[in-house]
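Text of the file start-v9.txt, holding compact mmCIF, C-alpha atoms:
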```txt
# COMPACT_ATOMS: atom_id res chain seq x y z
CA MET A 863 -4.98 7.82 11.11
CA ILE A 864 -4.17 4.19 10.30
CA LEU A 865 -7.83 3.29 9.83
CA GLY A 866 -8.27 6.33 7.61
CA ALA A 867 -5.28 5.32 5.48
CA LEU A 868 -6.60 1.76 5.19
CA SER A 869 -10.02 3.11 4.14
CA SER A 870 -8.64 5.38 1.45
CA GLY A 871 -8.84 3.61 -1.89
CA SER A 872 -8.62 6.94 -3.72
CA LEU A 873 -4.81 6.98 -3.47
CA ALA A 874 -4.66 3.92 -5.74
CA VAL A 875 -6.99 5.69 -8.20
CA ASP A 876 -6.07 9.36 -8.27
CA MET A 877 -2.29 8.92 -8.45
CA TYR A 878 -2.17 7.16 -11.80
CA LEU A 879 -4.91 9.08 -13.65
CA PRO A 880 -2.39 11.52 -15.21
CA ALA A 881 -0.33 8.52 -16.40
CA PHE A 882 -2.99 7.05 -18.72
CA PRO A 883 -1.40 8.38 -21.96
CA ARG A 884 2.07 7.12 -20.99
CA ILE A 885 0.77 3.69 -20.00
CA ALA A 886 -1.09 3.39 -23.30
CA LYS A 887 1.99 4.39 -25.29
CA GLU A 888 4.44 2.10 -23.50
CA LEU A 889 2.15 -0.93 -23.50
CA GLY A 890 1.11 -0.33 -27.10
CA THR A 891 -2.61 -0.02 -26.44
CA SER A 892 -5.40 2.55 -26.45
CA ILE A 893 -6.56 4.93 -23.74
CA GLY A 894 -9.84 3.01 -23.67
CA MET A 895 -8.03 -0.19 -22.69
CA VAL A 896 -6.13 1.66 -19.97
CA GLN A 897 -9.43 2.96 -18.63
CA PHE A 898 -10.44 -0.66 -18.11
CA THR A 899 -7.74 -0.84 -15.43
CA LEU A 900 -9.74 1.71 -13.43
CA ALA A 901 -12.99 -0.19 -13.98
CA SER A 902 -11.38 -3.46 -12.91
CA PHE A 903 -10.02 -1.83 -9.74
CA VAL A 904 -13.49 -0.54 -8.79
CA LEU A 905 -14.94 -3.97 -9.59
CA GLY A 906 -12.38 -5.52 -7.26
CA LEU A 907 -13.37 -3.06 -4.54
CA ALA A 908 -17.01 -4.14 -4.90
CA ALA A 909 -16.32 -7.88 -5.15
CA GLY A 910 -14.03 -7.95 -2.13
CA GLN A 911 -16.53 -6.38 0.25
CA ALA A 912 -18.60 -9.52 0.87
CA PHE A 913 -15.55 -11.75 1.21
CA TRP A 914 -13.63 -9.64 3.71
CA GLY A 915 -16.72 -8.57 5.65
CA THR A 916 -17.89 -12.14 6.19
CA LEU A 917 -14.37 -13.34 6.99
CA SER A 918 -13.85 -10.61 9.60
CA ASP A 919 -17.05 -11.63 11.42
CA HIS A 920 -15.70 -15.18 11.73
CA VAL A 921 -11.95 -14.83 12.34
CA GLY A 922 -11.65 -11.30 13.75
CA ARG A 923 -10.58 -7.99 12.26
CA ARG A 924 -6.77 -8.06 12.20
CA ARG A 925 -6.08 -11.05 9.97
CA PRO A 926 -8.33 -9.95 7.06
CA ILE A 927 -6.74 -6.49 7.06
CA PHE A 928 -3.27 -8.04 7.14
CA ALA A 929 -4.14 -10.32 4.22
CA GLY A 930 -5.70 -7.44 2.28
CA CYS A 931 -2.63 -5.23 2.72
CA ALA A 932 -0.37 -8.07 1.59
CA LEU A 933 -2.49 -8.70 -1.52
CA PHE A 934 -2.60 -4.97 -2.32
CA SER A 935 1.20 -4.67 -2.05
CA CYS A 936 1.90 -7.77 -4.14
CA ALA A 937 -0.55 -6.62 -6.83
CA ALA A 938 1.11 -3.19 -6.88
CA VAL A 939 4.47 -4.87 -7.54
CA ALA A 940 2.87 -6.82 -10.40
CA CYS A 941 1.50 -3.57 -11.84
CA ALA A 942 4.94 -2.00 -11.69
CA ILE A 943 6.68 -4.80 -13.61
CA THR A 944 4.03 -5.82 -16.15
CA HIS A 945 4.46 -5.24 -19.86
CA ASN A 946 0.99 -6.35 -20.94
CA ILE A 947 -2.26 -4.39 -20.68
CA HIS A 948 -4.34 -7.50 -20.01
CA THR A 949 -2.09 -8.44 -17.11
CA LEU A 950 -2.38 -4.90 -15.80
CA ILE A 951 -6.18 -5.09 -15.93
CA THR A 952 -6.13 -8.40 -14.04
CA VAL A 953 -3.76 -7.35 -11.28
CA ARG A 954 -5.61 -4.06 -10.84
CA PHE A 955 -8.68 -6.16 -10.01
CA LEU A 956 -6.62 -8.02 -7.39
CA MET A 957 -5.30 -4.71 -6.11
CA GLY A 958 -8.86 -3.43 -5.64
CA PHE A 959 -9.85 -6.73 -4.01
CA GLY A 960 -7.05 -6.34 -1.45
CA CYS A 961 -7.79 -2.65 -0.94
CA SER A 962 -11.42 -3.45 -0.11
CA ALA A 963 -10.32 -5.29 3.05
CA GLY A 964 -9.26 -2.04 4.68
CA ILE A 965 -12.43 -0.24 3.62
CA VAL A 966 -14.91 -2.84 4.84
CA VAL A 967 -13.14 -4.06 7.99
CA CYS A 968 -12.29 -0.57 9.27
CA ARG A 969 -15.99 0.33 9.38
CA ALA A 970 -16.59 -2.85 11.38
CA ILE A 971 -13.78 -1.95 13.78
CA VAL A 972 -15.38 1.42 14.48
CA ARG A 973 -18.72 -0.33 15.07
CA ASP A 974 -16.99 -2.69 17.52
CA MET A 975 -15.66 0.26 19.51
CA PHE A 976 -18.33 2.98 19.28
CA GLU A 977 -22.05 3.58 18.81
CA GLY A 978 -24.30 6.41 17.68
CA VAL A 979 -22.85 9.90 17.90
CA GLU A 980 -19.47 8.64 19.10
CA ALA A 981 -19.21 6.43 16.02
CA ALA A 982 -20.07 9.38 13.76
CA LYS A 983 -17.36 11.46 15.46
CA PHE A 984 -14.79 8.71 14.97
CA TYR A 985 -15.71 8.33 11.30
CA THR A 986 -15.17 12.08 11.05
CA MET A 987 -11.69 11.70 12.57
CA MET A 988 -10.90 9.03 9.99
CA MET A 989 -11.74 11.58 7.31
CA VAL A 990 -8.49 13.38 8.21
CA ALA A 991 -6.43 10.59 6.68
CA MET A 992 -9.00 9.74 4.01
CA ALA A 993 -9.12 13.35 2.81
CA VAL A 994 -5.34 13.63 2.52
CA ALA A 995 -5.20 11.01 -0.25
CA PRO A 996 -7.29 12.82 -2.90
CA ILE A 997 -5.52 16.08 -2.01
CA VAL A 998 -1.96 14.85 -2.48
CA ALA A 999 -2.50 11.94 -4.90
CA PRO A 1000 -2.86 13.88 -8.18
CA LEU A 1001 -0.07 16.27 -7.19
CA LEU A 1002 2.22 13.41 -6.15
CA GLY A 1003 1.38 11.42 -9.27
CA SER A 1004 2.22 14.40 -11.48
CA MET A 1005 5.48 14.94 -9.62
CA LEU A 1006 6.53 11.30 -10.01
CA LEU A 1007 5.72 11.44 -13.71
CA THR A 1008 7.92 14.53 -14.04
CA TYR A 1009 11.03 12.69 -12.86
CA PHE A 1010 10.23 9.00 -13.42
CA ASN A 1011 8.04 6.82 -15.60
CA TRP A 1012 4.56 5.62 -14.69
CA ARG A 1013 5.88 2.49 -12.97
CA ALA A 1014 7.20 4.64 -10.10
CA ILE A 1015 3.59 5.30 -9.08
CA PHE A 1016 2.98 1.62 -8.43
CA TRP A 1017 6.29 1.24 -6.58
CA PHE A 1018 5.12 4.08 -4.34
CA LEU A 1019 1.81 2.29 -3.77
CA THR A 1020 3.75 -0.85 -2.88
CA ILE A 1021 5.59 1.05 -0.15
CA PHE A 1022 2.30 2.56 1.02
CA GLY A 1023 0.75 -0.91 1.33
CA VAL A 1024 3.71 -2.22 3.31
CA LEU A 1025 3.55 0.76 5.68
CA CYS A 1026 -0.17 0.16 6.25
CA LEU A 1027 0.58 -3.48 7.00
CA ALA A 1028 3.24 -2.46 9.51
CA GLY A 1029 0.81 0.01 11.12
CA VAL A 1030 -1.79 -2.72 11.56
CA LEU A 1031 0.74 -5.05 13.18
CA ARG A 1032 2.07 -2.38 15.52
CA TYR A 1033 -0.92 -0.25 16.48
CA CYS A 1034 -4.24 -1.98 15.68
CA PRO A 1035 -5.56 -4.34 18.38
CA GLU A 1036 -8.14 -7.03 17.75
CA THR A 1037 -11.56 -5.47 18.46
CA LEU A 1038 -13.77 -8.55 17.99
CA SER A 1039 -13.37 -11.04 20.83
CA ARG A 1040 -13.61 -14.78 20.20
CA GLU A 1041 -16.90 -14.92 22.10
CA GLU A 1042 -18.48 -12.33 19.75
CA ARG A 1043 -17.39 -13.98 16.50
CA MET A 1044 -19.93 -15.69 14.30
CA ARG A 1045 -20.01 -19.47 14.28
CA GLY A 1046 -21.68 -21.97 12.03
CA HIS A 1047 -21.94 -23.00 8.40
CA VAL A 1048 -22.66 -21.30 5.10
CA GLY A 1049 -26.35 -21.11 5.95
CA ASP A 1050 -25.54 -18.97 8.98
CA VAL A 1051 -23.63 -16.57 6.74
CA PHE A 1052 -26.64 -16.11 4.47
CA ARG A 1053 -28.92 -15.69 7.47
CA GLY A 1054 -26.60 -12.95 8.71
CA TYR A 1055 -26.86 -11.16 5.40
CA GLY A 1056 -30.60 -11.72 5.52
CA ARG A 1057 -30.82 -9.90 8.86
CA VAL A 1058 -28.88 -7.02 7.35
CA LEU A 1059 -30.95 -6.79 4.19
CA THR A 1060 -34.29 -6.96 6.01
CA ASN A 1061 -33.45 -3.99 8.24
CA ARG A 1062 -35.31 -1.04 6.68
CA CYS A 1063 -33.08 1.57 8.31
CA PHE A 1064 -29.99 -0.11 6.88
CA VAL A 1065 -31.40 -0.56 3.39
CA ALA A 1066 -32.67 3.03 3.16
CA HIS A 1067 -29.46 4.66 4.34
CA ALA A 1068 -27.20 2.26 2.43
CA MET A 1069 -29.05 3.06 -0.80
CA ALA A 1070 -28.94 6.79 -0.06
CA PHE A 1071 -25.23 6.48 0.75
CA GLY A 1072 -24.75 4.65 -2.55
CA CYS A 1073 -26.51 7.42 -4.47
CA THR A 1074 -24.29 10.08 -2.89
CA SER A 1075 -21.31 7.90 -3.81
CA GLY A 1076 -22.67 8.09 -7.34
CA ILE A 1077 -22.18 11.86 -7.10
CA LEU A 1078 -18.57 11.32 -6.05
CA PHE A 1079 -17.82 8.92 -8.91
CA THR A 1080 -19.58 11.19 -11.38
CA TYR A 1081 -17.13 13.90 -10.37
CA LEU A 1082 -14.08 11.61 -10.40
CA SER A 1083 -14.92 10.20 -13.83
CA SER A 1084 -15.54 13.59 -15.44
CA ALA A 1085 -13.09 15.91 -13.65
CA SER A 1086 -10.17 15.61 -16.07
CA TYR A 1087 -12.41 16.09 -19.12
CA LEU A 1088 -14.33 19.01 -17.61
CA PHE A 1089 -11.29 20.90 -16.35
CA ILE A 1090 -8.69 20.18 -19.03
CA GLU A 1091 -10.64 19.51 -22.23
CA LEU A 1092 -13.79 21.58 -21.79
CA PHE A 1093 -12.65 24.59 -19.76
CA ARG A 1094 -9.03 24.55 -20.98
CA VAL A 1095 -7.46 24.45 -17.52
CA PRO A 1096 -3.69 23.80 -17.81
CA VAL A 1097 -2.64 20.26 -16.91
CA ALA A 1098 -0.58 21.61 -14.03
CA GLY A 1099 -3.65 23.40 -12.68
CA PHE A 1100 -5.77 20.25 -12.74
CA GLY A 1101 -4.04 18.79 -9.67
CA LEU A 1102 -4.46 22.08 -7.80
CA LEU A 1103 -8.19 22.32 -8.53
CA PHE A 1104 -8.68 18.66 -7.68
CA ALA A 1105 -6.87 19.22 -4.39
CA THR A 1106 -8.98 22.33 -3.65
CA ASN A 1107 -12.19 20.32 -3.79
CA SER A 1108 -10.66 17.66 -1.56
CA ILE A 1109 -9.64 20.31 0.98
CA GLY A 1110 -13.23 21.56 1.03
CA PHE A 1111 -14.42 18.00 1.64
CA TYR A 1112 -11.96 17.68 4.53
CA ILE A 1113 -12.88 21.01 6.16
CA VAL A 1114 -16.61 20.28 6.04
CA SER A 1115 -16.09 16.77 7.41
CA GLN A 1116 -14.26 18.23 10.39
CA LEU A 1117 -17.11 20.69 11.03
CA ASN A 1118 -19.23 17.59 11.55
CA HIS A 1119 -17.82 17.37 15.09
CA LEU A 1120 -19.44 20.69 15.97
CA LEU A 1121 -22.68 20.03 14.11
CA LEU A 1122 -23.23 16.75 15.96
CA ARG A 1123 -23.55 18.73 19.19
CA ARG A 1124 -26.78 20.27 17.92
CA PHE A 1125 -28.15 17.94 15.25
CA THR A 1126 -28.64 14.22 14.80
CA SER A 1127 -26.71 12.30 12.13
CA GLY A 1128 -29.92 11.72 10.18
CA ARG A 1129 -30.80 15.40 10.08
CA LEU A 1130 -27.29 16.31 8.95
CA VAL A 1131 -27.41 13.78 6.12
CA ARG A 1132 -30.75 15.06 4.85
CA GLY A 1133 -29.65 18.69 5.11
CA ALA A 1134 -26.43 18.06 3.20
CA ILE A 1135 -28.30 16.24 0.44
CA TRP A 1136 -30.65 19.23 0.08
CA ILE A 1137 -27.60 21.46 -0.36
CA ILE A 1138 -26.35 19.18 -3.12
CA ILE A 1139 -29.76 19.18 -4.82
CA PHE A 1140 -30.05 22.97 -4.85
CA GLY A 1141 -26.41 23.26 -5.92
CA ALA A 1142 -26.95 20.78 -8.76
CA MET A 1143 -30.01 22.75 -9.91
CA LEU A 1144 -27.89 25.90 -10.07
CA LEU A 1145 -25.12 23.94 -11.79
CA THR A 1146 -27.56 22.69 -14.42
CA GLY A 1147 -28.82 26.22 -15.03
CA CYS A 1148 -25.29 27.57 -15.39
CA THR A 1149 -24.19 24.86 -17.80
CA TRP A 1150 -27.40 25.23 -19.82
CA THR A 1151 -27.02 29.00 -20.25
CA GLY A 1152 -23.25 29.39 -19.92
CA PHE A 1153 -23.79 32.00 -17.19
CA GLY A 1154 -20.81 32.60 -14.91
CA GLY A 1155 -18.37 30.55 -16.93
CA PHE A 1156 -15.84 28.29 -15.25
CA PRO A 1157 -15.45 30.30 -11.99
CA LEU A 1158 -19.14 29.93 -11.04
CA PHE A 1159 -19.21 26.34 -12.29
CA PHE A 1160 -16.26 25.41 -10.08
CA ALA A 1161 -17.63 27.29 -7.06
CA ILE A 1162 -20.94 25.40 -7.19
CA LEU A 1163 -19.16 22.10 -7.80
CA PHE A 1164 -16.97 22.86 -4.78
CA ILE A 1165 -20.06 23.29 -2.56
CA CYS A 1166 -21.65 20.06 -3.82
CA PHE A 1167 -18.48 18.02 -3.39
CA SER A 1168 -17.71 19.48 0.04
CA SER A 1169 -21.19 18.56 1.30
CA LEU A 1170 -20.23 14.91 0.92
CA GLY A 1171 -17.93 15.46 3.91
CA ILE A 1172 -21.04 15.62 6.12
CA ILE A 1173 -22.93 12.81 4.42
CA PHE A 1174 -20.31 10.08 4.41
CA PRO A 1175 -19.40 9.82 8.14
CA ASN A 1176 -22.98 10.26 9.35
CA ALA A 1177 -24.47 7.84 6.82
CA ALA A 1178 -21.85 5.26 7.79
CA ALA A 1179 -22.68 5.65 11.49
CA ILE A 1180 -26.44 5.34 10.91
CA THR A 1181 -26.09 2.35 8.61
CA MET A 1182 -23.79 0.40 10.94
CA GLN A 1183 -25.64 1.25 14.17
CA PRO A 1184 -28.22 -1.61 14.20
CA PHE A 1185 -25.55 -4.32 13.95
CA ALA A 1186 -22.94 -5.67 16.34
CA ALA A 1187 -22.40 -9.36 15.57
CA GLU A 1188 -22.93 -8.76 11.82
CA ALA A 1189 -20.88 -5.56 11.60
CA GLY A 1190 -18.58 -7.05 8.97
CA SER A 1191 -21.48 -8.28 6.86
CA ALA A 1192 -23.28 -4.94 7.17
CA SER A 1193 -20.14 -3.07 6.16
CA ALA A 1194 -19.71 -5.44 3.20
CA VAL A 1195 -23.23 -4.85 1.88
CA MET A 1196 -22.80 -1.13 2.36
CA GLY A 1197 -19.55 -1.19 0.38
CA ILE A 1198 -21.02 -3.29 -2.42
CA VAL A 1199 -23.91 -0.85 -2.83
CA GLN A 1200 -21.52 2.10 -2.73
CA TYR A 1201 -19.11 0.85 -5.39
CA MET A 1202 -21.71 -0.76 -7.65
CA ILE A 1203 -23.65 2.52 -7.87
CA GLY A 1204 -20.34 4.35 -8.19
CA SER A 1205 -19.26 2.17 -11.11
CA ILE A 1206 -22.63 2.75 -12.80
CA ALA A 1207 -22.22 6.50 -12.31
CA GLY A 1208 -18.77 6.40 -13.86
CA SER A 1209 -20.09 4.50 -16.88
CA LEU A 1210 -23.02 6.88 -17.37
CA VAL A 1211 -20.63 9.82 -17.64
CA GLY A 1212 -19.22 8.33 -20.83
CA VAL A 1213 -22.58 7.21 -22.19
CA PHE A 1214 -24.20 10.65 -22.01
CA GLN A 1215 -21.15 12.76 -22.84
CA ASN A 1216 -22.11 15.39 -25.45
CA GLY A 1217 -19.20 17.82 -25.31
CA THR A 1218 -20.70 19.99 -22.55
CA ALA A 1219 -20.91 19.89 -18.76
CA LEU A 1220 -24.71 19.59 -18.84
CA PRO A 1221 -24.93 15.76 -18.60
CA VAL A 1222 -22.66 15.78 -15.54
CA SER A 1223 -24.77 18.47 -13.85
CA ILE A 1224 -27.99 16.57 -14.54
CA GLN A 1225 -26.45 13.32 -13.31
CA ILE A 1226 -25.41 14.92 -10.01
CA LEU A 1227 -28.94 16.31 -9.63
CA CYS A 1228 -30.54 12.93 -10.33
CA PHE A 1229 -28.39 11.11 -7.80
CA GLY A 1230 -29.13 13.79 -5.19
CA LEU A 1231 -32.87 13.55 -5.81
CA ALA A 1232 -32.70 9.74 -5.65
CA ALA A 1233 -30.87 9.83 -2.30
CA GLN A 1234 -33.31 12.30 -0.77
CA GLY A 1235 -36.31 10.46 -2.18
CA ILE A 1236 -35.18 7.19 -0.62
CA LEU A 1237 -34.80 8.82 2.81
CA LEU A 1238 -38.17 10.57 2.54
CA LEU A 1239 -39.89 7.29 1.66
CA TYR A 1240 -38.19 5.59 4.60
CA ARG A 1241 -39.27 8.30 7.05
CA ALA A 1242 -42.83 8.19 5.72
CA ALA A 1243 -43.12 4.44 6.24
CA PRO A 1244 -44.96 3.25 9.39
CA GLY A 1245 -42.66 2.40 12.27
CA SER A 1246 -39.64 4.29 10.95
CA ARG A 1247 -37.55 6.22 13.43
```
Show me, as structure tokens, the structure contained in the file I just sent.
Amino acid sequence: MILGALSSGSLAVDMYLPAFPRIAKELGTSIGMVQFTLASFVLGLAAGQAFWGTLSDHVGRRRPIFAGCALFSCAAVACAITHNIHTLITVRFLMGFGCSAGIVVCRAIVRDMFEGVEAAKFYTMMMVAMAVAPIVAPLLGSMLLTYFNWRAIFWFLTIFGVLCLAGVLRYCPETLSREERMRGHVGDVFRGYGRVLTNRCFVAHAMAFGCTSGILFTYLSSASYLFIELFRVPVAGFGLLFATNSIGFYIVSQLNHLLLRRFTSGRLVRGAIWIIIFGAMLLTGCTWTGFGGFPLFFAILFICFSSLGIIFPNAAAITMQPFAAEAGSASAVMGIVQYMIGSIAGSLVGVFQNGTALPVSIQILCFGLAAQGILLLYRAAPGSR
């Protein structure tokens, strides 16, 4: 549960989305400038991956997580007391940088402890905590905004960061012994990354994982517009619908335990991506013709989003499997790919917005096809397992 909480950056994103108009009004700026605070947070998540991953391979797992939690909490305090949008953008970057420590190092911890199917099962267990955040975050954020101003959200995140730090100190042992830690100079670090990047299995599955993350960020970036502006869902209902999709993601991720008894992680990933592709094709047809209206649109979107609950834990297990000594570096590269593609996906939503849901449907389809195409090319290559 602690590792899942540390890996859940969505709490720091989803909670303050409903507060954008209030932040813009109080700080005397535009919604567009406030949106930069989200972009800077995601950029911090991507930038921090390499730093924390490399550091954890050299000094162990506990100290980087401790430092990341401390930075996250301090940045949250700065967010809560700032009165300048530019300061808010800057400290949100630092907040994302600190948050990335939990994401990247927790994957390395699991790799230290488990391999293969057991690792996939443990990643699935982590989904319990990771899935709670996007379920409760929009509801909790709306509730805080009902009784307090937007700064209360960041005070809550400060407390959350401190609790994570306390959980690490109390319950998380060091999983990388001194004998297993990487030694040497900067050249050794680059050679470690070179070993990661020249592993075809890693590259293929990391890129496929990144493309499926693009599906997630496409949804996150467009959800409020699609539900509230396009389909006229009441603001109060937005949090409920958002939570419903997250519950579907959680339920499917827990079914992964049972599916792993009969299927390999690779087969499950490919099967789930096919589901997303066929779902996105139906979604595109529905948005093109208007058939089924919002109920059918949401039902198909629910299936596509829920399928990510199978892809994420299994893709993480496959990607991390070839590495032991470079687990931190491998996790870092995986995270960089994930959040860079995710940030691109979020930007494309705005670029191709035309007042309908069609661009979002097509974007989900394209990312699904890209993920499956990468895996098919990998399997067709000589010597691939």
* For atom CA of A:Phe1100 and atom CA of A:Thr1074, determine how far apart the two atoms are, in Å to one decimal place. =>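 We find that atom CA of A:Phe1100 and atom CA of A:Thr1074 lie 23.3 Å from each other.
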* Mind checking which residues fall within 7 Å of A:Trp1017, counting all atoms listed in the file, ignoring those fewer than 4 positions away in the same chain, and posting them as an NGL selection string? => :A and (938-939 or 942 or 1013 or 1021)
* Could you give me, as a PyMOL selection string, the residues within 7 Å of stretch 1162-1169 of chain A, counting all atoms listed in the file and dropping anything in the same chain fewer than 3 positions from it? => chain A and resi 1107+1110-1111+1114+1134+1138+1141+1145+1158-1159+1172-1173
Using the selection just defined, write its residues with C-alpha atoms as a PDB file, in the coordinates of the input.
```
ATOM      1  CA  ASN A1107     -12.190  20.320  -3.790  1.00  0.00           C
ATOM      2  CA  GLY A1110     -13.230  21.560   1.030  1.00  0.00           C
ATOM      3  CA  PHE A1111     -14.420  18.000   1.640  1.00  0.00           C
ATOM      4  CA  VAL A1114     -16.610  20.280   6.040  1.00  0.00           C
ATOM      5  CA  ALA A1134     -26.430  18.060   3.200  1.00  0.00           C
ATOM      6  CA  ILE A1138     -26.350  19.180  -3.120  1.00  0.00           C
ATOM      7  CA  GLY A1141     -26.410  23.260  -5.920  1.00  0.00           C
ATOM      8  CA  LEU A1145     -25.120  23.940 -11.790  1.00  0.00           C
ATOM      9  CA  LEU A1158     -19.140  29.930 -11.040  1.00  0.00           C
ATOM     10  CA  PHE A1159     -19.210  26.340 -12.290  1.00  0.00           C
ATOM     11  CA  ILE A1172     -21.040  15.620   6.120  1.00  0.00           C
ATOM     12  CA  ILE A1173     -22.930  12.810   4.420  1.00  0.00           C
TER      13      ILE A1173
END
```
* Asked: By how many Å are atom CA of A:Leu1078 and atom CA of A:Val1199 apart?
  ->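 About the pair atom CA of A:Leu1078 and atom CA of A:Val1199: they are 13.7 Å apart.
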* Asked: With distances taken over only C-alpha atoms, which of A:Phe1071, A:Phe1156, A:Phe1016, A:Phe1140 is nearest to A:Leu1170?
  ->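 Answer, going by the shortest atom-to-atom distance: A:Phe1071.
The gap separating atom CA of A:Gly1147 from atom CA of A:Phe1104 is 22.7 Å, in Å to one decimal.
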Once you've located stretch 952-989 of chain A in the structure I gave, write it as a PDB file, in the first residue's frame, keeping C-alpha atoms.
```
ATOM      1  CA  THR A 952       8.104  26.722 -10.815  1.00  0.00           C
ATOM      2  CA  VAL A 953       7.254  24.955  -7.577  1.00  0.00           C
ATOM      3  CA  ARG A 954       4.880  22.613  -9.396  1.00  0.00           C
ATOM      4  CA  PHE A 955       7.901  21.493 -11.425  1.00  0.00           C
ATOM      5  CA  LEU A 956       9.774  20.821  -8.165  1.00  0.00           C
ATOM      6  CA  MET A 957       6.721  19.020  -6.827  1.00  0.00           C
ATOM      7  CA  GLY A 958       6.682  16.731  -9.865  1.00  0.00           C
ATOM      8  CA  PHE A 959      10.444  16.228  -9.566  1.00  0.00           C
ATOM      9  CA  GLY A 960      10.031  15.044  -5.967  1.00  0.00           C
ATOM     10  CA  CYS A 961       6.993  12.927  -6.826  1.00  0.00           C
ATOM     11  CA  SER A 962       8.973  11.103  -9.512  1.00  0.00           C
ATOM     12  CA  ALA A 963      11.252   9.586  -6.838  1.00  0.00           C
ATOM     13  CA  GLY A 964       8.435   7.412  -5.550  1.00  0.00           C
ATOM     14  CA  ILE A 965       7.370   6.364  -9.036  1.00  0.00           C
ATOM     15  CA  VAL A 966      10.794   5.345 -10.319  1.00  0.00           C
ATOM     16  CA  VAL A 967      12.299   3.874  -7.140  1.00  0.00           C
ATOM     17  CA  CYS A 968       9.226   1.816  -6.230  1.00  0.00           C
ATOM     18  CA  ARG A 969       9.467  -0.078  -9.521  1.00  0.00           C
ATOM     19  CA  ALA A 970      13.120  -0.784  -8.720  1.00  0.00           C
ATOM     20  CA  ILE A 971      12.180  -2.026  -5.239  1.00  0.00           C
ATOM     21  CA  VAL A 972       9.736  -4.520  -6.729  1.00  0.00           C
ATOM     22  CA  ARG A 973      12.439  -5.676  -9.161  1.00  0.00           C
ATOM     23  CA  ASP A 974      14.813  -6.148  -6.206  1.00  0.00           C
ATOM     24  CA  MET A 975      12.300  -8.398  -4.471  1.00  0.00           C
ATOM     25  CA  PHE A 976      10.487 -10.295  -7.245  1.00  0.00           C
ATOM     26  CA  GLU A 977      10.844 -11.604 -10.796  1.00  0.00           C
ATOM     27  CA  GLY A 978       8.552 -12.619 -13.635  1.00  0.00           C
ATOM     28  CA  VAL A 979       5.007 -13.550 -12.691  1.00  0.00           C
ATOM     29  CA  GLU A 980       5.559 -12.732  -9.015  1.00  0.00           C
ATOM     30  CA  ALA A 981       6.641  -9.219  -9.973  1.00  0.00           C
ATOM     31  CA  ALA A 982       3.539  -8.791 -12.142  1.00  0.00           C
ATOM     32  CA  LYS A 983       1.357  -9.920  -9.225  1.00  0.00           C
ATOM     33  CA  PHE A 984       3.017  -7.454  -6.877  1.00  0.00           C
ATOM     34  CA  TYR A 985       2.587  -4.599  -9.355  1.00  0.00           C
ATOM     35  CA  THR A 986      -1.073  -5.595  -9.451  1.00  0.00           C
ATOM     36  CA  MET A 987      -1.265  -5.350  -5.651  1.00  0.00           C
ATOM     37  CA  MET A 988       0.236  -1.869  -5.846  1.00  0.00           C
ATOM     38  CA  MET A 989      -2.634  -0.921  -8.149  1.00  0.00           C
TER      39      MET A 989
END
```
